[in-house]
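protein-v1.cif, holding mmCIF, C-alpha atoms and all ligand atoms:
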```cif
data_query
#
loop_
_atom_site.label_atom_id
_atom_site.label_comp_id
_atom_site.auth_asym_id
_atom_site.auth_seq_id
_atom_site.Cartn_x
_atom_site.Cartn_y
_atom_site.Cartn_z
CA MET A 142 102.04 113.95 114.39
CA ARG A 143 100.01 113.53 117.57
CA VAL A 144 96.39 112.45 117.68
CA ARG A 145 94.13 112.94 120.65
CA VAL A 146 91.95 109.94 121.37
CA ASP A 147 88.88 112.13 121.91
CA GLU A 148 89.36 113.50 118.38
CA ILE A 149 88.96 110.07 116.81
CA PRO A 150 85.37 109.54 115.68
CA ASP A 151 83.63 106.26 116.44
CA SER A 152 83.94 105.33 112.80
CA GLY A 153 87.72 105.53 113.10
CA ARG A 154 90.23 107.88 111.52
CA THR A 155 92.39 107.49 108.46
CA LEU A 156 95.83 109.08 108.42
CA SER A 157 97.98 109.55 105.37
CA LEU A 158 101.47 110.77 106.12
CA ARG A 159 104.65 111.43 104.25
CA TRP A 160 107.39 110.48 106.64
CA ASP A 161 110.56 112.30 105.64
CA GLN A 162 114.22 112.81 106.51
CA GLU A 163 113.39 115.48 109.09
CA MET A 164 111.16 113.01 110.89
CA LEU A 165 113.77 110.27 110.69
CA ASP A 166 116.37 112.58 112.25
CA ARG A 167 114.13 113.03 115.28
CA PHE A 168 114.12 109.34 116.11
CA VAL A 169 117.26 107.79 114.72
CA PRO A 170 119.83 107.08 117.45
CA PRO A 171 123.11 109.05 117.20
CA ASP A 172 125.13 105.84 116.84
CA ASP A 173 122.83 104.50 114.13
CA PRO A 174 124.66 101.48 112.68
CA PHE A 175 122.57 101.61 109.51
CA HIS A 176 123.44 105.18 108.44
CA LEU A 177 119.76 105.63 107.67
CA LYS A 178 118.63 108.26 105.20
CA LEU A 179 115.40 108.99 103.42
CA PRO A 180 116.00 110.32 99.90
CA GLU A 181 112.24 110.07 99.31
CA PRO A 182 109.63 110.26 102.08
CA LEU A 183 107.97 107.02 103.14
CA GLN A 184 104.27 106.79 102.49
CA VAL A 185 102.40 105.94 105.68
CA GLU A 186 98.74 104.94 105.58
CA LEU A 187 97.12 104.27 108.93
CA PHE A 188 93.69 103.58 110.28
CA LEU A 189 93.02 104.40 113.93
CA ASP A 190 90.10 102.61 115.47
CA LYS A 191 88.66 103.09 118.95
CA ARG A 192 87.42 100.03 120.80
CA THR A 193 85.92 99.83 124.26
CA ASP A 194 89.18 99.27 126.14
CA HIS A 195 91.88 99.75 123.54
CA LEU A 196 92.79 101.24 120.17
CA THR A 197 94.00 99.54 117.06
CA ILE A 198 96.30 101.03 114.46
CA THR A 199 96.53 99.18 111.20
CA GLY A 200 98.01 100.10 107.87
CA THR A 201 101.16 100.16 105.82
CA ILE A 202 104.51 101.93 105.60
CA GLN A 203 105.97 101.89 102.12
CA GLY A 204 108.93 103.27 100.26
CA ALA A 205 112.66 102.83 100.57
CA LEU A 206 115.32 103.64 103.13
CA GLU A 207 118.90 104.39 102.26
CA VAL A 208 121.17 102.25 104.39
CA GLY A 209 124.93 101.72 104.52
CA CYS A 210 126.10 98.18 103.75
CA HIS A 211 127.49 96.62 106.93
CA ARG A 212 130.45 95.19 105.01
CA CYS A 213 131.48 97.79 102.45
CA LEU A 214 129.63 100.84 103.87
CA ARG A 215 128.32 101.67 100.41
CA PRO A 216 124.86 103.25 100.63
CA PHE A 217 122.03 101.47 98.87
CA LEU A 218 118.23 101.51 98.90
CA LEU A 219 116.41 99.01 101.06
CA PRO A 220 112.74 98.62 100.13
CA VAL A 221 110.30 99.19 102.98
CA ASP A 222 106.96 97.45 102.95
CA GLU A 223 105.85 97.19 106.55
CA LYS A 224 102.44 96.06 107.65
CA VAL A 225 101.29 97.91 110.74
CA ASP A 226 99.17 96.08 113.28
CA ILE A 227 99.34 97.73 116.67
CA TYR A 228 97.18 97.14 119.70
CA LEU A 229 97.34 100.23 121.84
CA VAL A 230 96.42 99.94 125.50
CA THR A 231 96.74 102.36 128.39
CA GLU A 232 99.61 101.73 130.74
CA GLU A 233 97.54 100.65 133.76
CA ARG A 234 95.59 98.20 131.67
CA GLY A 235 98.77 96.82 130.16
CA GLU A 236 100.14 95.94 133.57
CA ARG A 237 97.05 93.99 134.48
CA GLU A 238 97.05 92.15 131.21
CA ASP A 239 97.80 88.47 131.34
CA GLU A 240 101.32 87.84 130.02
CA LYS A 241 100.21 84.85 128.03
CA GLU A 242 97.52 86.86 126.37
CA LEU A 243 100.06 89.50 125.41
CA GLU A 244 102.09 87.00 123.47
CA ALA A 245 99.04 85.33 122.00
CA ASP A 246 99.59 86.46 118.44
CA GLU A 247 101.74 88.64 116.28
CA LEU A 248 100.00 91.86 117.16
CA LEU A 249 102.33 94.43 118.56
CA TYR A 250 101.28 95.75 121.94
CA GLU A 251 102.07 99.34 122.70
CA PHE A 252 101.29 101.31 125.79
CA PHE A 253 100.23 104.92 125.96
CA ASP A 254 98.74 107.41 128.39
CA GLY A 255 95.23 106.86 127.07
CA GLU A 256 94.91 110.40 125.75
CA VAL A 257 97.43 111.20 123.07
CA ILE A 258 98.83 108.91 120.41
CA GLU A 259 102.36 109.76 119.31
CA VAL A 260 101.92 108.63 115.74
CA ASP A 261 105.39 109.55 114.50
CA GLU A 262 107.03 107.69 117.33
CA LEU A 263 104.99 104.58 116.55
CA VAL A 264 105.91 104.82 112.88
CA ALA A 265 109.60 105.17 113.79
CA GLU A 266 109.40 102.06 115.96
CA GLN A 267 107.77 100.10 113.17
CA ILE A 268 110.48 101.14 110.73
CA PHE A 269 113.33 100.25 113.09
CA LEU A 270 111.73 96.94 114.09
CA GLY A 271 111.42 96.04 110.43
CA LEU A 272 115.14 96.41 109.78
CA PRO A 273 117.18 93.24 109.45
CA VAL A 274 120.01 92.69 111.94
CA LYS A 275 122.54 93.10 109.18
CA VAL A 276 122.13 94.87 105.85
CA LEU A 277 124.29 93.89 102.90
CA CYS A 278 124.35 95.60 99.50
CA SER A 279 124.45 92.08 98.05
CA GLU A 280 124.69 88.60 99.51
CA ASP A 281 128.25 88.20 98.22
CA CYS A 282 129.49 91.68 99.12
CA ARG A 283 133.26 91.39 99.58
CA GLY A 284 133.56 94.29 101.97
CA ILE A 285 136.48 96.54 102.64
CA CYS A 286 140.08 95.47 103.11
CA PRO A 287 141.05 96.34 106.68
CA GLY A 288 144.62 96.90 105.48
CA CYS A 289 144.33 99.33 102.58
CA GLY A 290 140.66 100.32 102.79
CA ALA A 291 139.93 99.23 99.22
CA ASN A 292 136.29 98.44 98.47
CA LEU A 293 136.90 94.88 97.29
CA ASN A 294 133.73 94.92 95.19
CA GLU A 295 135.20 97.63 93.00
CA GLU A 296 138.97 97.37 93.21
CA ALA A 297 141.75 94.97 94.07
CA CYS A 298 143.40 95.03 97.45
CA ARG A 299 146.56 97.11 97.31
CA CYS A 300 148.28 95.62 100.33
CA LYS A 301 148.00 91.88 99.72
CA VAL A 302 151.51 91.41 98.38
CA ASN A 303 153.14 93.33 101.16
CA HIS A 304 151.22 91.58 103.92
CA THR A 305 152.85 88.25 103.19
CA SER A 306 156.40 89.38 102.46
CA ARG A 307 156.88 91.91 105.23
CA SER A 308 158.56 91.08 108.48
CA PRO A 309 156.99 92.32 111.74
CA PHE A 310 159.66 95.01 111.75
CA ALA A 311 158.70 96.38 108.36
CA LYS A 312 156.30 98.80 110.00
CA LEU A 313 159.07 100.18 112.16
CA GLU A 314 161.19 100.75 109.08
CA VAL A 315 158.39 102.75 107.54
CA LEU A 316 157.99 104.82 110.69
CA LYS A 317 161.68 105.58 110.78
CA LYS A 318 161.67 106.69 107.17
CA LYS A 319 158.68 108.95 107.76
CA GLN A 320 160.39 110.87 110.53
CA PRO A 321 161.85 114.13 109.38
CA GLU A 322 165.60 114.19 109.19
CA GLU A 323 167.33 116.18 111.84
ZN ZN B 1 128.51 95.88 100.53
ZN ZN B 2 144.30 95.65 101.23
#
```
Represent the structure contained in this file as structure tokens.
Amino acid sequence: MRVRVDEIPDSGRTLSLRWDQEMLDRFVPPDDPFHLKLPEPLQVELFLDKRTDHLTITGTIQGALEVGCHRCLRPFLLPVDEKVDIYLVTEERGEREDEKELEADELLYEFFDGEVIEVDELVAEQIFLGLPVKVLCSEDCRGICPGCGANLNEEACRCKVNHTSRSPFAKLEVLKKKQPEE
């Protein structure tokens, strides 16, 4: 959704959006390490307010994202409860802004052309910024065995015994055996 600044009344404008999979697909990078999915749309509630030299966007993004565990790849639901607090300034103004002032508090500064607010893009940024560096299905997730691919949360490793008893040449033996007989 795009909102023109001149369409925002002086009293501000409330937006209520359902942010769904289709929207997510527009913004998620192709090499998304989180394997993000949205089984249910996120509920986005925003309030756009015009001030003399900037705009503020406040509100919430709530729901749950499906993510793939970074250790075992198993998908699970990660609750989303983001508080939105954006200070929107036009690009020229942003450049003149004192650096120190920009870092003054936890408000997120965003720049725009002064005419059109790309709401969906801002929501996407908020969602991605809110993600932890690493997502785990549980703190003690045991991951996947790099040898046999077993999900160690659910099954025992099938290669453990062989790892220790095999000589470095064991692999060669296997390769030889796999070759069709001439
Ligand atoms: Zn896991
Ligand atoms: Zn294994």
Would you give me, as a Markdown table, each residue of chain A having an atom within 9 Å of an atom of ligand ZN 2 (chain B), along with its shortest atom pair and that distance in Å to one decimal, using all atoms listed in the file and sorting by chain and residue number?
```
| residue | atom | partner | partner_atom | distance |
| --- | --- | --- | --- | --- |
| A:Ile285 | CA | B:ZN2 | ZN | 8.0 |
| A:Cys286 | CA | B:ZN2 | ZN | 4.6 |
| A:Pro287 | CA | B:ZN2 | ZN | 6.4 |
| A:Gly288 | CA | B:ZN2 | ZN | 4.4 |
| A:Cys289 | CA | B:ZN2 | ZN | 3.9 |
| A:Gly290 | CA | B:ZN2 | ZN | 6.1 |
| A:Ala291 | CA | B:ZN2 | ZN | 6.0 |
| A:Asn292 | CA | B:ZN2 | ZN | 8.9 |
| A:Leu293 | CA | B:ZN2 | ZN | 8.4 |
| A:Ala297 | CA | B:ZN2 | ZN | 7.6 |
| A:Cys298 | CA | B:ZN2 | ZN | 3.9 |
| A:Arg299 | CA | B:ZN2 | ZN | 4.8 |
| A:Cys300 | CA | B:ZN2 | ZN | 4.1 |
| A:Lys301 | CA | B:ZN2 | ZN | 5.5 |
| A:Val302 | CA | B:ZN2 | ZN | 8.8 |
| A:His304 | CA | B:ZN2 | ZN | 8.5 |
```
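Put simply, atom CA of A:Gly200 is 18.7 Å away from atom CA of A:Met164.
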Can you work out which residues are within 8 Å of ligand ZN 1 (chain B), considering all atoms listed in the file, and then hand them over as a PDB file with C-alpha atoms, keeping the file's coordinate frame?
```pdb
ATOM      1  CA  GLY A 209     124.930 101.720 104.520  1.00  0.00           C
ATOM      2  CA  CYS A 210     126.100  98.180 103.750  1.00  0.00           C
ATOM      3  CA  HIS A 211     127.490  96.620 106.930  1.00  0.00           C
ATOM      4  CA  ARG A 212     130.450  95.190 105.010  1.00  0.00           C
ATOM      5  CA  CYS A 213     131.480  97.790 102.450  1.00  0.00           C
ATOM      6  CA  LEU A 214     129.630 100.840 103.870  1.00  0.00           C
ATOM      7  CA  ARG A 215     128.320 101.670 100.410  1.00  0.00           C
ATOM      8  CA  LEU A 277     124.290  93.890 102.900  1.00  0.00           C
ATOM      9  CA  CYS A 278     124.350  95.600  99.500  1.00  0.00           C
ATOM     10  CA  SER A 279     124.450  92.080  98.050  1.00  0.00           C
ATOM     11  CA  CYS A 282     129.490  91.680  99.120  1.00  0.00           C
ATOM     12  CA  ARG A 283     133.260  91.390  99.580  1.00  0.00           C
ATOM     13  CA  GLY A 284     133.560  94.290 101.970  1.00  0.00           C
ATOM     14  CA  ASN A 294     133.730  94.920  95.190  1.00  0.00           C
TER      15      ASN A 294
END
```
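Here atom CA of A:Glu251 and atom CA of A:Thr231 stand 8.4 Å from one another.
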Skipping near chain neighbours, those fewer than 5 positions away, what residues fall within 10 Å of A:Thr201 using all atoms listed in the file, listed as an mmCIF file with C-alpha atoms, in the frame of the given file?
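Ended up saving to around05.cif:
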```cif
data_model
loop_
_atom_site.group_PDB
_atom_site.id
_atom_site.type_symbol
_atom_site.label_atom_id
_atom_site.label_comp_id
_atom_site.auth_asym_id
_atom_site.auth_seq_id
_atom_site.Cartn_x
_atom_site.Cartn_y
_atom_site.Cartn_z
ATOM 1 C CA SER A 157 97.980 109.550 105.370
ATOM 2 C CA GLN A 184 104.270 106.790 102.490
ATOM 3 C CA VAL A 185 102.400 105.940 105.680
ATOM 4 C CA GLU A 186 98.740 104.940 105.580
ATOM 5 C CA LEU A 187 97.120 104.270 108.930
ATOM 6 C CA PHE A 188 93.690 103.580 110.280
ATOM 7 C CA VAL A 221 110.300 99.190 102.980
ATOM 8 C CA ASP A 222 106.960 97.450 102.950
ATOM 9 C CA GLU A 223 105.850 97.190 106.550
ATOM 10 C CA LYS A 224 102.440 96.060 107.650
ATOM 11 C CA VAL A 225 101.290 97.910 110.740
ATOM 12 C CA ASP A 226 99.170 96.080 113.280
ATOM 13 C CA VAL A 264 105.910 104.820 112.880
ATOM 14 C CA GLN A 267 107.770 100.100 113.170
#
```
note - atom CA of A:Leu229 and atom CA of A:Leu270 are separated by 16.7 Å
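With all atoms listed in the file as the atoms that count, the residue of A:Asp281, A:Glu207, A:Asp254, A:Asp190 with the shortest distance to A:Thr155 is A:Asp190.
Among the candidates A:Pro220, A:Glu280, A:Ala265, A:Leu189, the residue lying nearest to A:Arg154 is A:Leu189 (atoms considered: only C-alpha atoms).
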*asked:* Please list as a list in words every residue within 12 Å of A:His176, counting all atoms listed in the file and excluding residues in the same chain fewer than 2 positions away.
replied: Leu165, Asp166, Val169, Pro170, Pro171, Asp172, Asp173, Pro174, Lys178, Leu179, Leu206, Glu207, Val208, Gly209, Cys210, His211, Leu214, Arg215, Pro216, Phe217, Leu218, Leu219 and Val276 of chain A
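With all atoms listed in the file as the basis for measurement, A:Asp261 is the residue among A:Ile227, A:Asp261, A:Arg143, A:Glu295 that approaches A:Asp161 most closely.
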Of A:Ile268, A:Ile202, A:Ile258, A:Ile149, the one nearest to A:Val230 when counting only C-alpha atoms is A:Ile258
